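Engineer: Contents of data-v1.txt (compact mmCIF, C-alpha atoms) are below:
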# COMPACT_ATOMS: atom_id res chain seq x y z
CA MET A 20 -15.82 34.31 35.63
CA LYS A 21 -15.37 30.57 36.04
CA LYS A 22 -13.45 30.46 32.77
CA ALA A 23 -11.19 33.32 33.89
CA LEU A 24 -10.44 31.40 37.07
CA GLN A 25 -9.60 28.31 35.05
CA ILE A 26 -7.21 30.30 32.91
CA THR A 27 -5.38 31.80 35.88
CA ARG A 28 -5.12 28.32 37.36
CA MET A 29 -3.71 27.04 34.09
CA PHE A 30 -1.04 29.72 33.93
CA LYS A 31 0.13 29.38 37.51
CA PRO A 32 3.95 29.52 37.37
CA ARG A 33 4.23 26.41 39.55
CA ARG A 34 2.05 24.46 37.13
CA ILE A 35 4.03 25.60 34.10
CA PHE A 36 7.27 24.68 35.85
CA LEU A 37 5.90 21.21 36.71
CA ALA A 38 4.66 20.73 33.12
CA LEU A 39 8.11 21.61 31.72
CA ILE A 40 9.87 19.17 34.03
CA GLN A 41 7.36 16.44 33.19
CA ILE A 42 7.81 17.02 29.45
CA GLY A 43 11.54 16.61 30.11
CA ILE A 44 10.85 13.29 31.86
CA LEU A 45 8.72 12.11 28.92
CA TYR A 46 11.49 13.16 26.55
CA ILE A 47 13.97 11.05 28.54
CA PHE A 48 11.68 8.05 27.98
CA SER A 49 11.80 8.53 24.21
CA PHE A 50 15.58 9.00 24.41
CA VAL A 51 15.99 5.76 26.38
CA GLY A 52 13.59 4.14 23.90
CA SER A 53 15.70 5.03 20.88
CA PHE A 54 18.87 3.98 22.72
CA LEU A 55 17.35 0.55 23.51
CA GLY A 56 16.03 0.29 19.95
CA LYS A 57 19.53 0.81 18.54
CA LEU A 58 21.07 -1.54 21.10
CA LEU A 59 18.65 -4.38 20.31
CA HIS A 60 18.50 -3.57 16.56
CA LEU A 61 14.73 -3.05 16.73
CA ASN A 62 13.23 -1.34 13.73
CA PHE A 63 11.01 0.85 15.92
CA PRO A 64 10.80 4.59 16.62
CA GLY A 65 12.30 5.36 20.03
CA SER A 66 9.22 7.30 21.12
CA LEU A 67 7.00 4.21 20.75
CA ILE A 68 9.46 2.05 22.69
CA GLY A 69 9.52 4.81 25.33
CA MET A 70 5.72 4.76 25.43
CA GLY A 71 5.78 0.99 25.98
CA ILE A 72 8.31 1.34 28.80
CA LEU A 73 6.31 4.11 30.49
CA PHE A 74 3.10 2.07 30.16
CA ILE A 75 4.71 -1.01 31.75
CA LEU A 76 6.22 1.06 34.59
CA LEU A 77 2.83 2.69 35.24
CA ARG A 78 1.09 -0.71 35.28
CA LEU A 79 3.67 -2.19 37.66
CA GLU A 80 3.19 0.89 39.85
CA ILE A 81 6.92 1.53 39.73
CA PHE A 82 6.44 4.95 38.19
CA PRO A 83 3.68 7.22 39.61
CA TYR A 84 1.06 8.53 37.20
CA ASN A 85 1.16 11.94 38.93
CA TRP A 86 4.76 12.53 37.90
CA VAL A 87 3.92 12.97 34.23
CA VAL A 88 0.19 13.71 34.07
CA ILE A 89 0.32 17.55 33.83
CA GLY A 90 2.98 17.71 31.11
CA GLY A 91 1.60 14.64 29.35
CA ASN A 92 -1.94 15.93 29.15
CA TRP A 93 -0.70 19.30 27.89
CA LEU A 94 1.25 17.58 25.09
CA LEU A 95 -1.79 15.50 24.11
CA ALA A 96 -4.09 18.53 24.16
CA GLU A 97 -1.77 20.55 21.88
CA LEU A 98 -0.82 17.64 19.60
CA LEU A 99 -1.67 19.55 16.41
CA LEU A 100 0.84 22.31 17.25
CA PHE A 101 3.73 19.87 16.84
CA PHE A 102 2.57 18.90 13.35
CA ILE A 103 2.49 22.47 12.04
CA PRO A 104 6.20 22.63 11.03
CA SER A 105 5.76 19.40 9.00
CA VAL A 106 2.74 20.90 7.23
CA VAL A 107 4.76 24.03 6.41
CA ALA A 108 7.27 21.67 4.70
CA ILE A 109 4.73 21.35 1.88
CA MET A 110 6.08 24.67 0.55
CA GLN A 111 9.25 22.83 -0.57
CA TYR A 112 7.21 20.59 -2.86
CA ILE A 113 5.04 23.22 -4.50
CA GLN A 114 6.63 22.49 -7.89
CA PHE A 115 6.05 18.74 -7.67
CA LEU A 116 2.57 19.15 -6.19
CA HIS A 117 1.69 21.65 -8.89
CA GLN A 118 2.40 18.95 -11.45
CA ASP A 119 1.05 15.80 -9.79
CA GLY A 120 -0.83 17.26 -6.83
CA LEU A 121 -4.34 16.63 -8.11
CA ASP A 122 -3.67 12.92 -8.83
CA LEU A 123 -2.03 12.49 -5.43
CA PHE A 124 -4.88 14.36 -3.74
CA ILE A 125 -7.45 12.01 -5.32
CA ILE A 126 -5.41 8.89 -4.49
CA ILE A 127 -4.99 9.93 -0.87
CA LEU A 128 -8.67 10.90 -0.61
CA ILE A 129 -9.97 7.58 -1.98
CA SER A 130 -7.42 5.56 -0.04
CA THR A 131 -8.16 7.36 3.24
CA VAL A 132 -11.91 6.84 2.78
CA ALA A 133 -11.20 3.13 2.05
CA VAL A 134 -9.14 2.76 5.23
CA MET A 135 -11.74 4.56 7.34
CA VAL A 136 -14.76 2.70 5.96
CA SER A 137 -13.12 -0.74 6.19
CA SER A 138 -11.70 -0.32 9.70
CA GLY A 139 -14.75 1.55 11.07
CA LEU A 140 -17.28 -0.93 9.69
CA THR A 141 -15.26 -3.93 10.90
CA ALA A 142 -15.17 -2.51 14.42
CA GLU A 143 -18.88 -1.58 14.37
CA MET A 144 -19.87 -5.03 13.12
CA ILE A 145 -17.82 -6.89 15.73
CA THR A 146 -19.02 -4.74 18.63
CA ARG A 147 -22.65 -5.19 17.54
CA LYS A 148 -22.33 -8.95 17.08
CA GLY A 149 -20.50 -9.40 20.35
CA GLY A 150 -23.34 -7.58 22.12
CA LYS A 151 -20.75 -5.36 23.74
CA ALA A 152 -21.97 -2.19 22.02
CA LEU A 153 -21.91 0.81 24.35
CA MET B 25 20.43 36.43 11.86
CA SER B 26 19.12 32.96 10.98
CA GLU B 27 18.73 32.18 14.70
CA PHE B 28 16.61 35.29 14.97
CA VAL B 29 14.39 34.18 12.05
CA GLY B 30 14.14 30.76 13.72
CA PHE B 31 13.08 32.30 17.01
CA ILE B 32 10.45 34.50 15.34
CA SER B 33 9.23 31.38 13.44
CA VAL B 34 8.53 29.52 16.68
CA VAL B 35 6.79 32.51 18.26
CA LEU B 36 4.64 33.12 15.16
CA THR B 37 3.79 29.41 14.83
CA ILE B 38 2.59 29.37 18.45
CA ILE B 39 0.62 32.62 18.04
CA PHE B 40 -1.03 31.42 14.80
CA TYR B 41 -1.78 28.04 16.40
CA TYR B 42 -3.50 29.47 19.47
CA SER B 43 -5.45 32.10 17.56
CA SER B 44 -6.67 29.57 14.99
CA LYS B 45 -7.55 27.20 17.83
CA ALA B 46 -9.63 29.95 19.45
CA LEU B 47 -11.28 30.65 16.10
CA TYR B 48 -11.99 26.95 15.62
CA GLY B 49 -13.54 26.87 19.10
CA ARG B 50 -16.09 29.46 17.93
CA ILE B 51 -16.62 28.26 14.35
CA ARG B 52 -16.62 24.47 14.49
CA PHE B 53 -16.05 24.03 10.79
CA VAL B 54 -13.36 21.58 9.67
CA LEU B 55 -11.74 23.98 7.21
CA PHE B 56 -10.98 26.20 10.22
CA SER B 57 -8.85 23.48 11.81
CA PRO B 58 -5.63 24.87 13.35
CA LEU B 59 -3.74 22.39 11.18
CA LEU B 60 -5.01 24.14 8.04
CA ILE B 61 -5.27 27.82 8.96
CA ALA B 62 -2.01 28.22 10.89
CA PRO B 63 0.29 26.54 8.32
CA ALA B 64 -1.49 28.35 5.46
CA ALA B 65 -0.83 31.70 7.14
CA LEU B 66 2.80 30.70 7.78
CA VAL B 67 3.43 29.49 4.21
CA ILE B 68 1.92 32.68 2.75
CA GLY B 69 4.02 34.77 5.16
CA LEU B 70 7.25 32.90 4.36
CA LEU B 71 6.69 33.04 0.60
CA THR B 72 5.86 36.76 0.65
CA LEU B 73 8.91 37.61 2.76
CA HIS B 74 11.14 35.25 0.67
CA ILE B 75 12.14 33.26 3.75
CA SER B 76 13.14 29.68 2.93
CA TYR B 77 11.80 26.59 4.66
CA SER B 78 15.31 25.79 5.90
CA SER B 79 15.42 29.09 7.85
CA TYR B 80 11.91 28.50 9.21
CA ILE B 81 12.71 24.98 10.39
CA ILE B 82 15.70 26.16 12.48
CA GLY B 83 13.04 27.28 14.93
CA GLY B 84 10.27 24.98 13.77
CA LYS B 85 12.21 21.84 14.62
CA TRP B 86 11.90 22.71 18.32
CA LEU B 87 8.16 22.18 17.99
CA SER B 88 8.57 18.98 15.96
CA VAL B 89 10.88 17.64 18.67
CA LEU B 90 7.96 17.79 21.12
CA LEU B 91 6.22 15.10 19.05
CA GLN B 92 8.61 12.60 20.69
CA PRO B 93 7.50 13.15 24.31
CA ALA B 94 3.91 13.56 23.03
CA ILE B 95 3.95 10.02 21.64
CA VAL B 96 5.40 8.75 24.93
CA ALA B 97 2.51 10.56 26.67
CA PHE B 98 0.02 8.25 24.92
CA ALA B 99 0.97 5.78 27.66
CA LEU B 100 -1.22 7.90 30.00
CA PRO B 101 -4.61 7.26 28.33
CA LEU B 102 -3.57 3.64 27.72
CA TYR B 103 -2.90 3.25 31.45
CA LYS B 104 -6.05 5.08 32.51
CA HIS B 105 -8.37 3.07 30.26
CA TYR B 106 -6.54 -0.24 30.54
CA GLU B 107 -9.62 -2.30 31.52
CA LEU B 108 -11.51 -1.03 28.51
CA LEU B 109 -8.65 -1.72 26.17
CA LYS B 110 -8.37 -5.26 27.48
CA LYS B 111 -12.08 -5.74 26.83
CA TYR B 112 -11.98 -4.44 23.23
CA PHE B 113 -8.52 -5.68 22.27
CA PRO B 114 -9.64 -8.22 19.59
CA GLU B 115 -12.02 -5.73 17.93
CA ILE B 116 -9.34 -3.09 17.74
CA ILE B 117 -6.62 -5.40 16.42
CA LEU B 118 -8.81 -6.97 13.76
CA SER B 119 -10.22 -3.67 12.45
CA VAL B 120 -6.77 -2.08 12.41
CA LEU B 121 -5.42 -5.00 10.37
CA VAL B 122 -8.28 -4.69 7.87
CA GLY B 123 -7.67 -0.92 7.66
CA THR B 124 -3.90 -1.31 7.21
CA LEU B 125 -4.33 -3.86 4.43
CA SER B 126 -6.82 -1.65 2.61
CA ALA B 127 -4.33 1.24 2.91
CA PHE B 128 -1.69 -0.88 1.16
CA LEU B 129 -4.04 -2.25 -1.46
CA SER B 130 -5.65 1.09 -2.36
CA SER B 131 -2.31 2.95 -2.46
CA ALA B 132 -0.75 0.32 -4.72
CA LEU B 133 -3.70 -0.04 -7.09
CA LEU B 134 -4.45 3.68 -7.39
CA GLY B 135 -0.75 4.56 -7.67
CA LEU B 136 -0.21 2.00 -10.44
CA GLY B 137 -3.44 3.13 -12.10
CA ALA B 138 -2.24 6.75 -12.17
CA ASN B 139 1.11 5.60 -13.64
CA PHE B 140 3.26 6.84 -10.80
CA GLU B 141 6.81 5.57 -10.48
CA PRO B 142 7.35 2.78 -7.91
CA GLN B 143 9.33 5.19 -5.74
CA ILE B 144 6.30 7.50 -5.40
CA ILE B 145 3.96 4.56 -4.71
CA LEU B 146 6.34 3.23 -2.04
CA SER B 147 6.33 6.73 -0.50
CA LEU B 148 2.52 6.63 -0.46
CA ALA B 149 2.35 3.18 1.16
CA PRO B 150 2.91 4.06 4.84
CA ARG B 151 1.06 7.40 4.75
CA SER B 152 -1.81 6.59 7.14
CA VAL B 153 0.44 6.04 10.15
CA THR B 154 2.21 8.47 12.45
CA THR B 155 5.11 10.46 10.91
CA PRO B 156 8.13 8.85 12.69
CA ILE B 157 6.96 5.34 11.71
CA ALA B 158 5.91 6.36 8.20
CA ILE B 159 9.32 7.91 7.49
CA ASP B 160 11.08 4.83 8.78
CA VAL B 161 8.96 2.42 6.72
CA SER B 162 9.28 4.58 3.60
CA ASN B 163 13.04 4.49 4.00
CA ASN B 164 13.06 0.69 4.36
CA LEU B 165 10.80 0.16 1.35
CA GLY B 166 12.89 2.42 -0.89
CA GLY B 167 10.52 5.38 -0.97
CA ILE B 168 11.34 9.08 -0.49
CA PRO B 169 10.99 9.80 3.25
CA SER B 170 10.49 13.58 2.98
CA LEU B 171 7.75 13.06 0.42
CA THR B 172 6.17 10.47 2.70
CA ALA B 173 6.14 13.11 5.45
CA VAL B 174 4.14 15.38 3.13
CA PHE B 175 1.71 12.54 2.28
CA VAL B 176 1.28 11.75 5.98
CA ILE B 177 0.32 15.36 6.62
CA PHE B 178 -1.99 15.39 3.58
CA THR B 179 -3.67 12.29 4.99
CA GLY B 180 -3.96 13.83 8.45
CA LEU B 181 -5.53 17.02 7.11
CA MET B 182 -7.91 15.05 4.95
CA GLY B 183 -8.76 12.71 7.81
CA LEU B 184 -9.65 15.68 10.02
CA VAL B 185 -12.04 16.93 7.36
CA ILE B 186 -13.62 13.70 6.09
CA GLY B 187 -13.38 11.52 9.24
CA PRO B 188 -16.45 13.04 10.94
CA LEU B 189 -18.33 12.95 7.59
CA VAL B 190 -17.57 9.24 7.10
CA ILE B 191 -18.70 8.52 10.68
CA ARG B 192 -21.99 10.30 10.02
CA PHE B 193 -22.44 8.68 6.61
CA LEU B 194 -21.90 5.15 8.00
CA HIS B 195 -24.16 5.87 11.02
CA LEU B 196 -21.48 4.57 13.37
CA ARG B 197 -22.60 4.58 16.98
CA SER B 198 -19.98 2.56 18.81
CA PRO B 199 -17.23 4.76 20.28
CA ILE B 200 -14.87 1.86 19.51
CA ALA B 201 -15.65 2.08 15.80
CA LYS B 202 -15.34 5.88 15.76
CA GLY B 203 -11.97 5.75 17.54
CA VAL B 204 -10.63 2.94 15.34
CA LEU B 205 -11.72 4.72 12.16
CA LEU B 206 -10.02 8.00 13.11
CA GLY B 207 -6.85 6.45 14.55
CA THR B 208 -6.30 3.98 11.69
CA GLY B 209 -7.27 6.42 8.94
CA ALA B 210 -5.52 9.59 10.08
CA HIS B 211 -2.88 8.83 12.80
CA GLY B 212 -2.28 11.65 15.35
CA CYS B 213 -4.56 14.13 13.56
CA GLY B 214 -7.43 11.66 13.66
CA THR B 215 -6.62 10.92 17.29
CA SER B 216 -6.91 14.58 18.20
CA ALA B 217 -10.28 14.69 16.38
CA ALA B 218 -11.33 11.57 18.33
CA LEU B 219 -10.25 13.18 21.63
CA SER B 220 -12.69 16.01 20.89
CA LEU B 221 -15.51 13.42 20.54
CA GLY B 222 -14.73 11.98 23.96
CA SER B 223 -11.91 10.52 26.03
CA LEU B 224 -12.97 6.94 25.20
CA GLU B 225 -12.93 7.65 21.45
CA GLY B 226 -9.58 9.39 21.87
CA THR B 227 -8.03 6.50 23.75
CA ILE B 228 -9.27 3.92 21.27
CA ALA B 229 -7.97 6.12 18.44
CA SER B 230 -4.53 6.41 20.04
CA LEU B 231 -4.42 2.66 20.49
CA ALA B 232 -5.54 2.12 16.88
CA MET B 233 -2.86 4.57 15.73
CA ILE B 234 -0.18 2.66 17.62
CA PHE B 235 -1.31 -0.73 16.32
CA ALA B 236 -1.62 0.59 12.76
CA GLY B 237 1.98 1.79 13.07
CA LEU B 238 3.16 -1.61 14.30
CA ALA B 239 1.16 -3.45 11.61
CA THR B 240 2.67 -1.19 8.94
CA ILE B 241 6.23 -1.76 10.18
CA ILE B 242 5.73 -5.52 10.13
CA LEU B 243 3.50 -6.00 7.05
CA ALA B 244 4.61 -3.33 4.57
CA PRO B 245 7.99 -4.91 3.70
CA VAL B 246 6.27 -8.30 3.18
CA ILE B 247 3.17 -7.22 1.26
CA PHE B 248 4.21 -4.18 -0.75
CA PRO B 249 6.82 -5.78 -3.02
CA LEU B 250 4.18 -8.39 -3.94
CA LEU B 251 1.54 -5.75 -4.69
CA LEU B 252 3.88 -3.85 -7.01
CA LYS B 253 4.35 -6.99 -9.13
CA LEU B 254 0.61 -7.04 -9.93
Could you take the file, read its structure, and then write that structure out as structure tokens?

Structural biologist:
Amino acid sequence: MKKALQITRMFKPRRIFLALIQIGILYIFSFVGSFLGKLLHLNFPGSLIGMGILFILLRLEIFPYNWVVIGGNWLLAELLLFFIPSVVAIMQYIQFLHQDGLDLFIIILISTVAVMVSSGLTAEMITRKGGKAL
Amino acid sequence: MSEFVGFISVVLTIIFYYSSKALYGRIRFVLFSPLLIAPAALVIGLLTLHISYSSYIIGGKWLSVLLQPAIVAFALPLYKHYELLKKYFPEIILSVLVGTLSAFLSSALLGLGANFEPQIILSLAPRSVTTPIAIDVSNNLGGIPSLTAVFVIFTGLMGLVIGPLVIRFLHLRSPIAKGVLLGTGAHGCGTSAALSLGSLEGTIASLAMIFAGLATIILAPVIFPLLLKL
């Protein structure tokens, strides 16, 4: 019952409308970000510059958190959805992957484990030493 | 006609995504991740119906476009957990740097060891960071950007599966370490896995992902040419 209520609250037309507008606002930030990046010859994706701008505006309390929180949280919750088309792109490389896929799979596996172990252990060691462990 | 296929592609992608997400909610097993099941169903469907990727992406690109505002939206957790981030800033930066360097080193050594051409190794180099940055770095290094995009996704999928296993194997307890591990190792996919562990882990992971991206942009063009001369 509680869950059903939550769902109806989630699909309220007003909320969907607000989310769409807020996603539009967030998109404008990434657009401005890529414009500034080109203008200043920064070698940075526009979306990251846009994120920096939004963060600074939020911190300076120029831009209210409430104006983007519904759309923003929806985007973050459904992050995997936006990666699906790039995963489907694998079908273009079936030939190449058929040939070298196993080698690449092993390289990426070992390398990913290496990155995870080294970064995770470094962080764990520092937080333990610093006595700041949670 | 192709617009129609594009439209159906978007609708089917969304339907597959939400049904696999519901399935994953019931069966919490990594191989049931929406990022594996949904694309697998789509690829099988497209191949059986002889629909090309270029027709699929006419619609699919509308979902990829949303990655832009989604990255901007990472400003929200950064803002909300600002005090925490300030407190753990040195830990995060240092671990991300160590992780980024081991990504470069392991890609170069393993790639050379397997006798891959430099172009393939350069496409592997930026694969642990988020797609827009990885593509950009691959382009600058002289790699093949579309292949890098595939490697990035490979890494993300693998990170989703092995990330939680590595955390368990290393007996990591600090949420900082868990977040850093997932964000540095598997970009946005790892971050979404970290968000499911907790909002602190998720925030740290998103910060680690951002810093790993920045470190890769700055360090890859300096370090990679040297590594390839080994």

Engineer: Which is closest to chain A among B:Val161, B:Leu205, B:Leu251, B:Ala232, if we use all atoms listed in the file?

Structural biologist: B:Leu205

Engineer: Could you please select, counting only C-alpha atoms, the residues of chain B within 6 Å of chain A and state them as a list of chain:residue names?

Structural biologist: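 Taking only C-alpha atoms into account, B:Pro63, B:Gly84, B:Leu87, B:Ser88, B:Leu91, B:Gln92, B:Pro93, B:Ala94, B:Ile95, B:Val96, B:Ala97, B:Ala99, B:Glu115, B:Ser119, B:Val120, B:Val122, B:Gly123, B:Ser126, B:Ala127, B:Ser130, B:Ala201, B:Leu205, B:Gly209 sit within 6 Å of chain A.
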
Engineer: Kindly give the distance, in Å, that separates CA of Asn164 in chain B and CA of Ala244 in chain B, rounded to a single decimal.

Structural biologist: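 CA of Asn164 in chain B sits 9.4 Å away from CA of Ala244 in chain B.
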
Engineer: Rounded to one decimal place, report the CA of Thr227 in chain B-CA of Phe98 in chain B distance in Å.

Structural biologist: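 The value is 8.3 Å.
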
Engineer: One decimal, in Å: what's the spacing between CA of Tyr48 in chain B and CA of Gly203 in chain B?

Structural biologist: 21.3 Å

Engineer: Point out the residue among B:Lys111, B:Arg50, B:His195, B:Lys85 with the least atom-to-atom distance to Val34 in chain B, counting all atoms listed in the file.

Structural biologist: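 With all atoms listed in the file as the atom set, the closest residue is B:Lys85.
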
Engineer: I'd like the box whose edges run along x, y and z of the file and which contains every listed atom of range 137-145 of chain A, padded by 8 Å per side; could you state its centre and edge lengths in Å, one decimal, as lines of an AutoDock Vina configuration file?

Structural biologist:
center_x = -15.8
center_y = -2.7
center_z = 11.0
size_x = 24.2
size_y = 24.4
size_z = 25.5

Engineer: Show me, as a list in words, the residues that have an atom within 8 Å of Ala149 in chain B when counting only C-alpha atoms, minus same-chain residues fewer than 2 positions from it.

Structural biologist: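 Residues near the query, excluding close chain neighbours: Ala127, Phe128, Ser131, Ala132, Ile145, Leu146, Ser147, Arg151, Ser162, Ala244 and Phe248 of chain B.
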
Engineer: Can you pull out every residue within 7 Å of range 235-238 of chain B, counting all atoms listed in the file, but drop anything in the same chain fewer than 4 positions away, and send it as a PDB file with C-alpha atoms, in the frame of the given file?

Structural biologist:
ATOM      1  CA  VAL B 120      -6.770  -2.080  12.410  1.00  0.00           C
ATOM      2  CA  THR B 124      -3.900  -1.310   7.210  1.00  0.00           C
ATOM      3  CA  VAL B 153       0.440   6.040  10.150  1.00  0.00           C
ATOM      4  CA  THR B 154       2.210   8.470  12.450  1.00  0.00           C
ATOM      5  CA  ILE B 157       6.960   5.340  11.710  1.00  0.00           C
ATOM      6  CA  THR B 208      -6.300   3.980  11.690  1.00  0.00           C
ATOM      7  CA  LEU B 231      -4.420   2.660  20.490  1.00  0.00           C
ATOM      8  CA  ILE B 242       5.730  -5.520  10.130  1.00  0.00           C
TER       9      ILE B 242
END

Engineer: Can you tell me which residues surround Leu133 in chain B at a distance of at most 9 Å, considering all atoms listed in the file, apart from same-chain residues fewer than 4 positions away, and format the answer as a compact mmCIF listing (two decimals) with C-alpha atoms, in the coordinates of the input?

Structural biologist:
# COMPACT_ATOMS: atom_id res chain seq x y z
CA PHE B 128 -1.69 -0.88 1.16
CA LEU B 129 -4.04 -2.25 -1.46
CA GLY B 137 -3.44 3.13 -12.10
CA ALA B 138 -2.24 6.75 -12.17
CA LEU B 251 1.54 -5.75 -4.69
CA LEU B 252 3.88 -3.85 -7.01
CA LEU B 254 0.61 -7.04 -9.93

Engineer: Pick the closest to Phe115 in chain A from B:Leu171, B:Leu184, B:Leu71, B:Leu59: which is it, counting only C-alpha atoms?

Structural biologist: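 Once distances to Phe115 in chain A are computed over only C-alpha atoms, the minimum belongs to B:Leu171.
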
Engineer: Go through B:Leu250, B:Pro169, B:Gly83, B:Gly214 one by one, measure the shortest atom-to-atom distance of each to Val35 in chain B using all atoms listed in the file, and give the residue with the smallest value.

Structural biologist: B:Gly83

Engineer: Taking only C-alpha atoms into account, name the residue in B:Ile247, B:Leu194, B:Ala65, B:Leu181 that is nearest to Ser216 in chain B.

Structural biologist: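 The closest residue to Ser216 in chain B is B:Leu181.
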
Engineer: Name the residues in contact with Ser33 in chain B at a cut-off of 10 Å, using all atoms listed in the file, excluding same-chain residues fewer than 2 positions from it; report them as an NGL selection string.

Structural biologist: (:A and (104)) or (:B and (27-31 or 35-39 or 66 or 70 or 79-84))
